[in-house]
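Enquirer: What follows is the file structure.txt, containing compact mmCIF, C-alpha atoms and all ligand atoms:
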# COMPACT_ATOMS: atom_id res chain seq x y z
CA MET A 1 10.25 -19.12 -31.62
CA ALA A 2 6.71 -18.36 -32.73
CA SER A 3 5.17 -20.95 -30.38
CA ASP A 4 6.62 -18.91 -27.48
CA ARG A 5 4.18 -16.16 -28.38
CA VAL A 6 1.24 -18.39 -27.67
CA ARG A 7 -0.86 -17.53 -24.64
CA VAL A 8 -1.24 -20.27 -22.06
CA ARG A 9 -5.00 -20.16 -21.56
CA GLY A 10 -6.48 -20.71 -18.13
CA VAL A 11 -3.22 -20.03 -16.31
CA SER A 12 -2.84 -17.20 -13.79
CA ILE A 13 0.47 -16.49 -12.18
CA TYR A 14 1.33 -13.67 -9.80
CA ARG A 15 4.30 -11.94 -8.26
CA PRO A 16 4.00 -10.30 -4.81
CA ILE A 17 5.44 -6.80 -4.57
CA ILE A 18 5.45 -3.95 -2.10
CA TYR A 19 5.71 -0.25 -2.78
CA GLY A 20 6.05 2.61 -0.36
CA ASN A 21 8.59 4.61 1.56
CA THR A 22 10.84 4.86 4.57
CA ALA A 23 11.71 8.27 6.04
CA THR A 24 14.06 9.53 8.74
CA VAL A 25 14.46 12.94 10.33
CA LEU A 26 17.72 14.72 9.50
CA THR A 27 19.93 15.86 12.34
CA GLN A 28 20.78 19.55 12.58
CA LYS A 29 24.29 18.79 11.27
CA GLU A 30 22.93 16.87 8.27
CA ARG A 31 20.56 19.71 7.51
CA GLU A 32 23.32 22.29 7.53
CA ALA A 33 25.33 20.20 5.06
CA LEU A 34 22.48 20.24 2.51
CA PRO A 35 22.09 22.76 -0.32
CA SER A 36 18.52 23.29 0.97
CA PRO A 37 18.64 23.56 4.77
CA ASP A 38 14.83 23.77 4.89
CA HIS A 39 14.73 20.02 4.18
CA THR A 40 13.86 18.08 7.32
CA HIS A 41 13.78 14.43 6.16
CA ARG A 42 15.64 11.88 4.11
CA TRP A 43 13.39 9.35 2.40
CA THR A 44 13.44 6.42 0.01
CA VAL A 45 10.51 5.40 -2.17
CA ALA A 46 10.76 1.93 -3.71
CA VAL A 47 9.18 -1.00 -5.49
CA ARG A 48 10.46 -4.28 -4.04
CA SER A 49 9.65 -7.94 -3.73
CA ALA A 50 7.37 -8.51 -0.74
CA ALA A 51 9.57 -10.79 1.37
CA SER A 52 12.27 -9.07 3.40
CA PRO A 53 15.89 -10.24 3.33
CA GLU A 54 16.68 -12.32 6.36
CA ASN A 55 19.71 -10.43 7.57
CA ALA A 56 19.13 -6.84 6.60
CA ASP A 57 17.23 -3.98 8.13
CA GLN A 58 15.12 -3.46 5.04
CA VAL A 59 11.43 -3.71 4.28
CA GLY A 60 11.00 -6.20 1.43
CA GLY A 61 13.49 -6.72 -1.36
CA ALA A 62 14.59 -10.33 -0.80
CA ASP A 63 14.28 -11.01 -4.55
CA ASP A 64 15.60 -9.03 -7.52
CA LEU A 65 12.54 -8.16 -9.65
CA SER A 66 14.43 -7.18 -12.80
CA TYR A 67 13.67 -10.54 -14.45
CA PHE A 68 10.15 -9.22 -15.13
CA ILE A 69 10.34 -5.47 -14.41
CA LYS A 70 12.18 -3.37 -16.99
CA ARG A 71 11.78 0.07 -15.51
CA VAL A 72 10.14 1.89 -12.63
CA THR A 73 9.30 5.55 -13.07
CA PHE A 74 8.71 7.64 -9.95
CA LYS A 75 6.98 10.94 -10.54
CA LEU A 76 7.92 13.27 -7.70
CA HIS A 77 6.43 16.62 -6.70
CA ASP A 78 7.20 19.48 -9.09
CA THR A 79 9.29 21.18 -6.42
CA TYR A 80 12.01 18.59 -7.17
CA PRO A 81 14.49 19.01 -10.02
CA ASN A 82 13.77 16.51 -12.83
CA PRO A 83 10.69 15.18 -11.00
CA THR A 84 10.26 12.19 -13.35
CA ARG A 85 12.86 9.66 -12.25
CA ASN A 86 13.42 6.54 -14.36
CA VAL A 87 15.11 3.61 -12.68
CA ASP A 88 16.19 0.94 -15.17
CA LYS A 89 17.92 -1.47 -12.86
CA PRO A 90 17.49 -2.67 -9.29
CA PRO A 91 17.14 -1.46 -6.67
CA PHE A 92 14.02 0.22 -8.06
CA GLU A 93 14.09 3.15 -5.69
CA VAL A 94 14.70 6.89 -5.35
CA SER A 95 16.22 8.54 -2.29
CA GLU A 96 15.80 12.25 -1.68
CA THR A 97 15.60 14.83 1.04
CA GLY A 98 12.65 17.17 1.53
CA TRP A 99 10.22 18.82 3.90
CA GLY A 100 6.77 17.80 2.68
CA GLU A 101 4.54 14.82 1.97
CA PHE A 102 2.99 14.39 -1.49
CA ASP A 103 1.58 11.77 -3.85
CA ILE A 104 4.05 9.85 -5.98
CA GLN A 105 2.95 8.19 -9.20
CA ILE A 106 4.79 4.91 -9.67
CA ARG A 107 4.77 3.40 -13.15
CA ILE A 108 6.02 -0.17 -13.41
CA THR A 109 7.09 -1.10 -16.96
CA LEU A 110 7.32 -4.84 -17.50
CA ILE A 111 9.79 -6.58 -19.82
CA PRO A 112 8.55 -6.74 -23.44
CA GLU A 113 8.04 -10.54 -23.21
CA ALA A 114 5.13 -9.88 -20.81
CA GLY A 115 3.15 -8.20 -23.58
CA GLU A 116 1.36 -6.20 -20.88
CA LYS A 117 0.72 -2.50 -20.37
CA ALA A 118 2.65 -0.65 -17.69
CA ILE A 119 1.11 -0.76 -14.21
CA ILE A 120 0.47 2.54 -12.44
CA VAL A 121 0.07 2.83 -8.69
CA TYR A 122 0.13 5.79 -6.33
CA HIS A 123 1.86 6.20 -3.02
CA HIS A 124 1.46 9.05 -0.57
CA LEU A 125 4.97 9.82 0.67
CA LYS A 126 4.81 9.60 4.44
CA LEU A 127 7.30 11.54 6.55
CA HIS A 128 5.55 12.04 9.87
CA PRO A 129 4.99 9.37 12.54
CA TRP A 130 1.74 7.43 12.66
CA THR A 131 -0.69 8.51 15.32
CA ALA A 132 -3.35 6.58 17.19
CA THR A 133 -6.16 8.43 15.48
CA GLY A 134 -4.63 8.64 12.04
CA GLU A 135 -5.13 12.39 12.27
CA PRO A 136 -2.56 14.40 10.35
CA GLU A 137 -0.82 15.58 13.45
CA ILE A 138 2.79 16.61 12.95
CA PRO A 139 4.91 16.17 16.08
CA PRO A 140 7.90 18.46 16.71
CA LEU A 141 11.14 17.20 15.13
CA ASP A 142 12.75 16.16 18.44
CA VAL A 143 9.74 13.92 19.17
CA ALA A 144 9.89 12.49 15.64
CA ILE A 145 13.63 11.75 15.96
CA LYS A 146 12.94 9.73 19.11
CA ALA A 147 10.18 7.84 17.34
CA GLY A 148 12.61 6.55 14.72
CA PRO A 149 12.10 5.90 11.01
CA VAL A 150 8.64 6.09 9.50
CA HIS A 151 7.50 3.25 7.24
CA SER A 152 4.56 3.24 4.87
CA TRP A 153 4.30 0.21 2.59
CA GLN A 154 1.57 -1.36 0.53
CA TYR A 155 1.48 -5.06 -0.36
CA ASP A 156 0.16 -5.92 -3.81
CA GLU A 157 0.21 -8.75 -6.31
CA ILE A 158 0.85 -8.39 -10.03
CA VAL A 159 -1.34 -11.04 -11.63
CA PHE A 160 -0.79 -12.33 -15.17
CA HIS A 161 -3.75 -14.06 -16.80
CA ASP A 162 -3.17 -16.26 -19.86
CA PRO A 163 0.55 -15.38 -19.95
CA TYR A 164 2.65 -15.87 -23.08
CA GLN A 165 4.54 -19.17 -22.97
CA ASN A 166 7.99 -17.55 -23.02
CA PHE A 167 7.02 -15.06 -20.30
CA LEU A 168 5.61 -17.88 -18.18
CA ASN A 169 8.94 -19.70 -18.58
CA ILE A 170 10.78 -16.61 -17.37
CA LEU A 171 8.53 -16.30 -14.32
CA THR A 172 8.65 -19.96 -13.32
CA SER A 173 12.45 -20.05 -13.63
CA HIS A 174 12.58 -17.34 -10.93
CA PRO A 175 10.89 -18.72 -7.85
CA VAL A 176 9.56 -16.27 -5.27
CA THR A 177 10.91 -16.06 -1.73
CA HIS A 178 7.82 -16.75 0.33
CA LEU A 179 6.69 -14.56 3.16
CA PRO A 180 7.57 -15.87 6.59
CA LYS A 181 4.54 -17.10 8.55
CA THR A 182 5.07 -14.65 11.39
CA LYS A 183 7.40 -11.75 12.11
CA ARG A 184 11.06 -12.46 12.64
CA LYS A 185 11.69 -8.83 13.54
CA PRO A 186 10.40 -6.41 16.16
CA VAL A 187 6.85 -5.33 15.55
CA PRO A 188 6.58 -1.93 13.85
CA PHE A 189 5.15 0.68 16.15
CA HIS A 190 2.09 1.55 14.11
CA LEU A 191 0.94 -2.05 14.44
CA ALA A 192 2.29 -2.70 17.92
CA ASN A 193 0.90 0.08 20.00
CA PRO A 194 -0.80 2.85 18.09
CA GLY A 195 -0.36 6.21 19.72
CA SER A 196 2.84 5.44 21.48
CA LEU A 197 5.73 7.13 19.72
CA GLU A 198 8.11 5.32 22.03
CA ALA A 199 6.93 1.96 20.77
CA SER A 200 8.48 2.53 17.37
CA LYS A 201 12.08 2.05 18.34
CA GLY A 202 13.88 -0.74 16.55
CA GLY A 203 10.91 -1.84 14.51
CA VAL A 204 11.31 -2.56 10.83
CA PRO A 205 8.01 -3.75 9.42
CA GLU A 206 7.91 -7.08 7.66
CA PHE A 207 5.10 -8.55 5.58
CA THR A 208 4.05 -12.03 6.68
CA SER A 209 1.49 -14.58 5.59
CA LEU A 210 -0.13 -14.21 9.03
CA MET A 211 -0.94 -10.58 8.12
CA GLU A 212 -2.79 -11.83 5.06
CA LYS A 213 -4.80 -14.23 7.21
CA GLU A 214 -5.58 -11.49 9.72
CA GLU A 215 -6.67 -9.15 6.94
CA ALA A 216 -9.00 -11.86 5.60
CA GLU A 217 -10.45 -12.25 9.10
CA ARG A 218 -10.99 -8.50 9.41
CA LEU A 219 -12.82 -8.49 6.08
CA GLU A 220 -15.00 -11.41 7.16
CA GLU A 221 -15.82 -9.69 10.46
CA ALA A 222 -16.75 -6.51 8.58
CA ARG A 223 -18.92 -8.51 6.19
CA GLN A 224 -20.73 -10.17 9.11
CA SER A 225 -21.37 -6.88 10.86
CA ILE A 226 -22.77 -5.39 7.65
CA ILE A 227 -25.17 -8.34 7.32
CA THR A 228 -26.27 -7.88 10.95
CA GLU A 229 -26.83 -4.17 10.36
CA GLN A 230 -28.74 -4.87 7.16
CA GLU A 231 -31.03 -7.28 9.00
CA ARG A 232 -31.63 -4.79 11.79
CA TRP A 233 -32.59 -2.06 9.36
CA ARG A 234 -34.78 -4.43 7.34
CA ALA A 235 -36.72 -5.28 10.54
CA ILE A 236 -37.10 -1.56 11.32
CA LEU A 237 -38.32 -0.93 7.77
CA ILE A 238 -40.94 -3.70 7.99
CA GLU A 239 -42.10 -2.35 11.35
CA LYS A 240 -42.44 1.19 9.95
CA GLU A 241 -44.28 -0.01 6.85
CA LYS A 242 -46.80 -1.81 9.06
CA GLU A 243 -47.26 1.35 11.10
CA LEU A 244 -47.74 3.39 7.94
CA GLU A 245 -50.37 0.98 6.66
CA LYS A 246 -52.21 1.14 10.00
CA LEU A 247 -52.17 4.94 10.00
CA GLN A 248 -53.35 5.07 6.38
CA LYS A 249 -56.27 2.78 7.27
CA GLN A 250 -57.14 4.94 10.27
CA LEU A 251 -56.98 8.02 8.10
CA ALA A 252 -59.29 6.48 5.49
CA ALA A 253 -61.80 5.56 8.23
CA THR A 254 -61.80 9.04 9.71
CA PRO A 255 -64.70 11.22 8.49
CA GLN A 256 -63.38 14.12 6.44
CA GLN A 257 -63.61 17.55 8.04
CA PRO A 258 -65.65 19.96 5.92
C1 LIG A 301 2.87 20.19 0.94
N1 LIG A 301 1.64 19.61 -1.05
O1 LIG A 301 2.55 21.38 0.91
C2 LIG A 301 2.84 19.40 -0.34
C3 LIG A 301 4.02 19.73 -1.17
C4 LIG A 301 6.44 19.41 -1.55
C5 LIG A 301 7.61 18.68 -1.11
C6 LIG A 301 5.21 19.06 -0.71
C7 LIG A 301 11.27 19.74 -1.31
C8 LIG A 301 11.53 19.98 -2.72
C9 LIG A 301 12.81 20.72 -2.96
C10 LIG A 301 9.96 19.12 -0.91
O2 LIG A 301 9.95 18.49 0.12
N2 LIG A 301 8.82 19.22 -1.62
O3 LIG A 301 13.05 21.66 -2.24
O4 LIG A 301 13.55 20.25 -3.81
O5 LIG A 301 3.14 19.62 1.99
Output the file's structure as structure tokens, nothing else.
Expert:
Amino acid sequence: MASDRVRVRGVSIYRPIIYGNTATVLTQKEREALPSPDHTHRWTVAVRSAASPENADQVGGADDLSYFIKRVTFKLHDTYPNPTRNVDKPPFEVSETGWGEFDIQIRITLIPEAGEKAIIVYHHLKLHPWTATGEPEIPPLDVAIKAGPVHSWQYDEIVFHDPYQNFLNILTSHPVTHLPKTKRKPVPFHLANPGSLEASKGGVPEFTSLMEKEEAERLEEARQSIITEQERWRAILIEKEKELEKLQKQLAATPQQP
């Protein structure tokens, strides 16, 4: 119906998503069974709903996003055969084996009813455990095996402004599973105890609304400390300008040397 193609002005509606990857080290036996024994890891890159399913060891993915996402295209490194991988139905993910980290372009194509351009995001495939310093320090494989799976996920929100009426109807008829307030699962190691590889065991990260609150607090703290710094430097500047003025006056009063 033509009235469906009317934009609902002043309305914004969003859908929370996550994108990122999980990686595990292959055992010697698994490596030998591969066509390319130089591959060291198995990984999965995915676009999922932000909330995690209650009874599964998976990051995100409680909701099926295919009611508004038509296709997700993952552009892998050129060392992979057919590096452009189109996924037209859920789960929107690609699993592969490999030896190296690289940037993956993720293009999210929405259903035609959205009337929106595809969304492009980038994810750096992460294979090696997180370290305290964030330095790219690659531990030996036996250490990495002990540390358990590596997770690297980004939370994001796809926001629709002035959505078309029919698209809005589609969105509102698919309610979102909300994030739990706090973690129901063991804390992931890179948040629990940075630097300790041991701390990673049994931790599947989970996005929570508490994390959002904590992030807001971190931003506010950073904003405050920038204001404090700004004030400190402004005081120093005023002080120096006064000193300059004084010196200029002194210089003007000093008889010129011939
Ligand atoms: C690096 N710039 O040097 C990166 C490149 C390439 C990753 C990483 C295996 C591909 C294949 C693979 O892991 N490629 O053999 O199919 O670290």
Enquirer: Write as an MDAnalysis selection string the residues around ligand LIG 301 (chain A), taking 9 Å as the cut-off and counting all atoms listed in the file.
Expert: chainID A and resid 36 38:41 76:81 96:103
Enquirer: From the list A:His124, A:Arg184, A:Lys75, A:Lys213, which residue is nearest Arg107 in chain A when using only C-alpha atoms?
Expert: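 Among the listed residues, A:Lys75 lies closest to Arg107 in chain A.
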Enquirer: In Å to one decimal, how far is CA of Pro91 in chain A from CA of Lys70 in chain A?
Expert: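 CA of Lys70 in chain A sits 11.6 Å away from CA of Pro91 in chain A.
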Enquirer: Just checking: using all atoms listed in the file, which residue out of A:Ala222, A:Met211, A:Val11, A:Val87 ends up closest to Ile108 in chain A?
Expert: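 Going through A:Ala222, A:Met211, A:Val11, A:Val87 one by one, the smallest distance to Ile108 in chain A is for A:Val87.
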Enquirer: Ranking A:Ser95, A:Pro163, A:Lys126, A:Thr27 by minimum distance to Asp4 in chain A and counting all atoms listed in the file, which one comes first?
Expert: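 Counting all atoms listed in the file, the residue closest to Asp4 in chain A is A:Pro163.
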Enquirer: Write out as a PDB file with C-alpha atoms, in the frame of the given file the residues lying within 9 Å of Asp64 in chain A, counting only C-alpha atoms and excluding same-chain residues fewer than 3 positions away.
Expert:
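Result file selection-v2.pdb:
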ATOM      1  CA  ARG A  48      10.460  -4.280  -4.040  1.00  0.00           C
ATOM      2  CA  SER A  49       9.650  -7.940  -3.730  1.00  0.00           C
ATOM      3  CA  GLY A  61      13.490  -6.720  -1.360  1.00  0.00           C
ATOM      4  CA  TYR A  67      13.670 -10.540 -14.450  1.00  0.00           C
ATOM      5  CA  PRO A  90      17.490  -2.670  -9.290  1.00  0.00           C
ATOM      6  CA  PRO A  91      17.140  -1.460  -6.670  1.00  0.00           C
TER       7      PRO A  91
END
Enquirer: Give me the residues within 10 Å of Thr182 in chain A as a count of residues only, counting all atoms listed in the file and dropping any in the same chain fewer than 4 places off.
Expert: 6
Enquirer: Quick one: distance from CA of Glu30 in chain A to CA of Val45 in chain A in Å, one decimal?
Expert: 19.9 Å
Enquirer: What's the 10 Å shell around Gly115 in chain A, counting all atoms listed in the file, without same-chain residues fewer than 6 positions away, as a list in words?
Expert: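 The contact residues come out as Arg5, Pro163, Tyr164 and Phe167 of chain A.
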Enquirer: Go ahead and dump the residues you just picked, C-alpha atoms, as an mmCIF file, in the coordinates of the input.
Expert:
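In the end it all went to again37.cif:
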data_model
loop_
_atom_site.group_PDB
_atom_site.id
_atom_site.type_symbol
_atom_site.label_atom_id
_atom_site.label_comp_id
_atom_site.auth_asym_id
_atom_site.auth_seq_id
_atom_site.Cartn_x
_atom_site.Cartn_y
_atom_site.Cartn_z
ATOM 1 C CA ARG A 5 4.180 -16.160 -28.380
ATOM 2 C CA PRO A 163 0.550 -15.380 -19.950
ATOM 3 C CA TYR A 164 2.650 -15.870 -23.080
ATOM 4 C CA PHE A 167 7.020 -15.060 -20.300
#
Enquirer: Please indicate the distance in Å from CA of His151 in chain A to CA of Asp88 in chain A, rounded to one decimal place.
Expert: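 According to the coordinates, CA of His151 in chain A and CA of Asp88 in chain A are separated by 24.1 Å.
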Enquirer: From the list A:Leu237, A:Ile13, A:Val25, A:Ala252, which residue is nearest Val143 in chain A when using only C-alpha atoms?
Expert: A:Val25
Enquirer: Do a neighbour search on Gly20 in chain A at 10 Å with all atoms listed in the file, toss out local chain neighbours closer than 4 positions, and write the hits as a VMD selection string.
Expert: chain A and resid 44 to 48 59 93 104 106 122 to 126 151 to 155
Enquirer: Of the candidates A:Ile138, A:Ile111, A:Leu168, A:Ile226, which one gets nearest to Arg9 in chain A if we count all atoms listed in the file?
Expert: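 The shortest atom-to-atom distance to Arg9 in chain A comes from A:Leu168.
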Enquirer: Select, from A:Pro149, A:Pro205, A:Pro180, A:Pro175, the residue with the minimum atom-to-atom distance to Arg42 in chain A, counting only C-alpha atoms.
Expert: A:Pro149
Enquirer: With all atoms of range 36-53 of chain A from the file as input, state the centre and edge lengths in Å to one decimal of the axis-aligned box that has 8 Å extra on each side, as lines of an AutoDock Vina configuration file.
Expert:
center_x = 13.0
center_y = 6.5
center_z = 0.9
size_x = 27.3
size_y = 50.6
size_z = 28.8
Enquirer: Ile145 in chain A: which residues within 10 Å, counting only C-alpha atoms, same-chain residues fewer than 4 positions away excluded, as a VMD selection string?
Expert: chain A and resid 24 to 27 129 139 to 141 149 to 150 197
